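K.L.:
Questions regarding the structure given below will be posed in turn.
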Amino acid sequence: MYRQKSFENGKATLYLVATPIGNLEEMTYRAVETLKTVDYIAAEDTRNTIKLLNHYNISKKMISHHEHNTHQSIPKIIHLLEEGYNVAQVSDAGYPAISDPGAQLVNEVVKNDFNVVCISGANACLNALVVSGIAPQPFLFYGFLDHQDKRKKKQLLDLKYYKETLVFYEAPHRIEKTLKLMLNVLGDRNIALCRELTKKHEEIIRGQISEILEIFDTIKGEIVLIVEGSHDDKSSELVFNQTIKEHVDEYIEKGMSTKDAIKEVAKIRGLNKNAVYQEYHN
């Protein structure tokens with residue numbers, strides 16, 4: 001057991017400083033003061049961080065620390081702490097270690113018996129959750145799904161019967177495939193698609209997955225998806241290991257008309273008939 005007295009033991013400290021998710025004014029007074037007083041700043045992308053530092057007239061030595069150079073940057077940061085220097089870690093937006101670099105560094109700092117202190121700030125997950133119109137708790141934060149469709153489908157199947165509200169991050173160029181897989185695996189649930197949070201073009205789109213799929217080509221910017229939890233009992237439902245199109249084609253091959261096959265698949269899967277029609281013909 002290790003009991004950390006953050007501000008009483010006189011040890012060097014790694015500060016995890018939350019940074020703006022869009023609007024630069026989201027920095028707290030404490031966050032700004034921390035960045036001004038530490039000895040070094042470990043940044044996910046120094047080019048992005050320098051813009052933030054310039055905005056607040058902060059001049060500090062920076063260390064590049066991202067997912068591809070941890071074998072170099074972590075030992076360097078540990079050495080600085082051993083020398084008695086305080087270090088702040090920042091990601092490009094929001095909290096370090098939440099879908100961003102940070103967790104591995106924290107583990108190593110803890111192992112080496114130094115302080116780890118979080119400086120509160122903006123968080124895209126919570127911002128989206130409270131404006132979504134969907135039950136804010138309990139919720140399960142998942143972050144980014146795998147970019148490969150096969151793995152992404154497996155992840156969604158694992159989440160299918162969770163009663164908790166689900167929170168995902170997604171990139172705009174993958175949103176169409178992600179929504180189609182969600183429709184296929186989870187059913188036509190209520191969701192809130194939150195994009196460009198705290199920026200000038202912030203937008204919250206609330207509706208069913210099938211409705212939002214109709215306008216996916218107009219969606220730009222970083223996205224947070226809030227997805228309604230399951231209302232189904234796992235023991236009373238089948239898990240489908242085929243796409244909607246494959247399911248409809250199966251009934252067509254058995255002699256059904258396309259119209260009747262779509263109606264049958266919608267009934268079996270508990271989906272809106274128009275949603276199945278759109279998915280099949282798209």
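Naming works like this for the structure tokens: A, B, ... for the chains as they're shown, residue 1 at the start of each chain, ligands 1 onward in shown order.
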What lies within 10 Å of Leu271 in chain A using only C-alpha atoms, ignoring chain neighbours under 2 positions off, as an NGL selection string?
P.N.:
:A and (183-184 or 186-189 or 210 or 263 or 265-269 or 273-276)
K.L.:
What's around range 243-249 of chain A at 10 Å? Count only C-alpha atoms, leave out sequence neighbours fewer than 2 positions away in its own chain, and write the answer as a PyMOL selection string.
P.N.:
chain A and resi 180-181+183-185+240-241+251-266+269+276-277+279-282
K.L.:
From the options A:Ala124, A:Ile219, A:Leu105, A:Val17, which residue's atoms come nearest to Gln72 in chain A, counting only C-alpha atoms?
P.N.:
A:Leu105
K.L.:
Which residue, A:Arg195, A:His201, A:His173, A:Arg206, has the smallest gap to Val224 in chain A when you use only C-alpha atoms?
P.N.:
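Selected residue with least distance to Val224 in chain A: A:Arg195.
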K.L.:
Could you tell me which of A:Glu211, A:Glu176, A:Asp39, A:Glu8 comes closest to Gly84 in chain A if we count only C-alpha atoms?
P.N.:
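Of the candidates, the smallest distance to Gly84 in chain A is held by A:Asp39.
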K.L.:
Of the candidates A:Ile78, A:Leu126, A:Leu193, A:Ala171, which shows the shortest atom-to-atom distance to Gly94 in chain A, using only C-alpha atoms?
P.N.:
A:Leu126
K.L.:
Check the smallest atom-to-atom distance from each of A:Asp158, A:Ala88, A:Asp113, A:Phe168 to Asn9 in chain A using only C-alpha atoms, then report the winner.
P.N.:
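So, comparing all the options, the nearest one is A:Asp113.
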K.L.:
Quick one: everything within 8 Å of range 120-122 of chain A, counting only C-alpha atoms, minus sequence neighbours fewer than 3 positions away in the same chain. Send it as a list in words.
P.N.:
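Skipping anything fewer than 3 positions along the chain leaves Val17, Ala18, Thr19, Pro20, Ile21, Glu26, Met27, Thr28, Ala31, Gly94, Tyr95 and Asn127 of chain A.
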K.L.:
Keeping only N, CA and C atoms, take the residues you just selected and write them out as a JSON list (two decimals), in the first residue's frame.
P.N.:
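Contents of the output file result.json:
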```json
[["chain", "number", "residue", "atom", "x", "y", "z"],
["A", 17, "VAL", "N", -2.82, 17.85, -16.28],
["A", 17, "VAL", "CA", -3.57, 19.09, -16.44],
["A", 17, "VAL", "C", -4.57, 18.96, -17.60],
["A", 18, "ALA", "N", -5.85, 19.07, -17.28],
["A", 18, "ALA", "CA", -6.88, 19.04, -18.33],
["A", 18, "ALA", "C", -6.82, 20.33, -19.14],
["A", 19, "THR", "N", -6.90, 20.19, -20.46],
["A", 19, "THR", "CA", -6.83, 21.34, -21.36],
["A", 19, "THR", "C", -8.14, 21.50, -22.12],
["A", 20, "PRO", "N", -8.38, 22.64, -22.77],
["A", 20, "PRO", "CA", -9.65, 22.88, -23.46],
["A", 20, "PRO", "C", -9.98, 21.82, -24.50],
["A", 21, "ILE", "N", -11.26, 21.49, -24.62],
["A", 21, "ILE", "CA", -11.70, 20.57, -25.66],
["A", 21, "ILE", "C", -12.12, 21.32, -26.91],
["A", 26, "GLU", "N", -11.65, 27.62, -21.59],
["A", 26, "GLU", "CA", -12.04, 26.57, -20.65],
["A", 26, "GLU", "C", -10.95, 26.26, -19.62],
["A", 27, "MET", "N", -9.78, 26.82, -19.76],
["A", 27, "MET", "CA", -8.72, 26.61, -18.77],
["A", 27, "MET", "C", -9.13, 27.23, -17.44],
["A", 28, "THR", "N", -8.92, 26.50, -16.35],
["A", 28, "THR", "CA", -9.20, 27.05, -15.03],
["A", 28, "THR", "C", -8.01, 27.89, -14.56],
["A", 31, "ALA", "N", -5.32, 25.57, -13.44],
["A", 31, "ALA", "CA", -4.57, 24.93, -14.52],
["A", 31, "ALA", "C", -3.52, 25.87, -15.10],
["A", 94, "GLY", "N", -8.73, 17.99, -23.38],
["A", 94, "GLY", "CA", -9.32, 17.23, -22.28],
["A", 94, "GLY", "C", -8.28, 16.66, -21.33],
["A", 95, "TYR", "N", -8.64, 15.54, -20.71],
["A", 95, "TYR", "CA", -7.80, 14.92, -19.68],
["A", 95, "TYR", "C", -6.74, 14.00, -20.28],
["A", 127, "ASN", "N", -19.46, 16.61, -20.93],
["A", 127, "ASN", "CA", -20.20, 17.68, -21.62],
["A", 127, "ASN", "C", -21.32, 17.09, -22.47]]
```
K.L.:
Choose the residue, out of A:Ile191, A:Met182, A:Leu24, A:Ala103, that has the smallest atom-to-atom separation from Lys154 in chain A; count only C-alpha atoms.
P.N.:
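With only C-alpha atoms as the atom set, the closest residue is A:Met182.
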K.L.:
Quick one: pick out all strand (DSSP E) residues within range 70-266 of chain A from a backbone DSSP run and write them as a PyMOL selection string.
P.N.:
chain A and resi 87-90+115-119+139-144+165-170+190-195+203-208+223-227
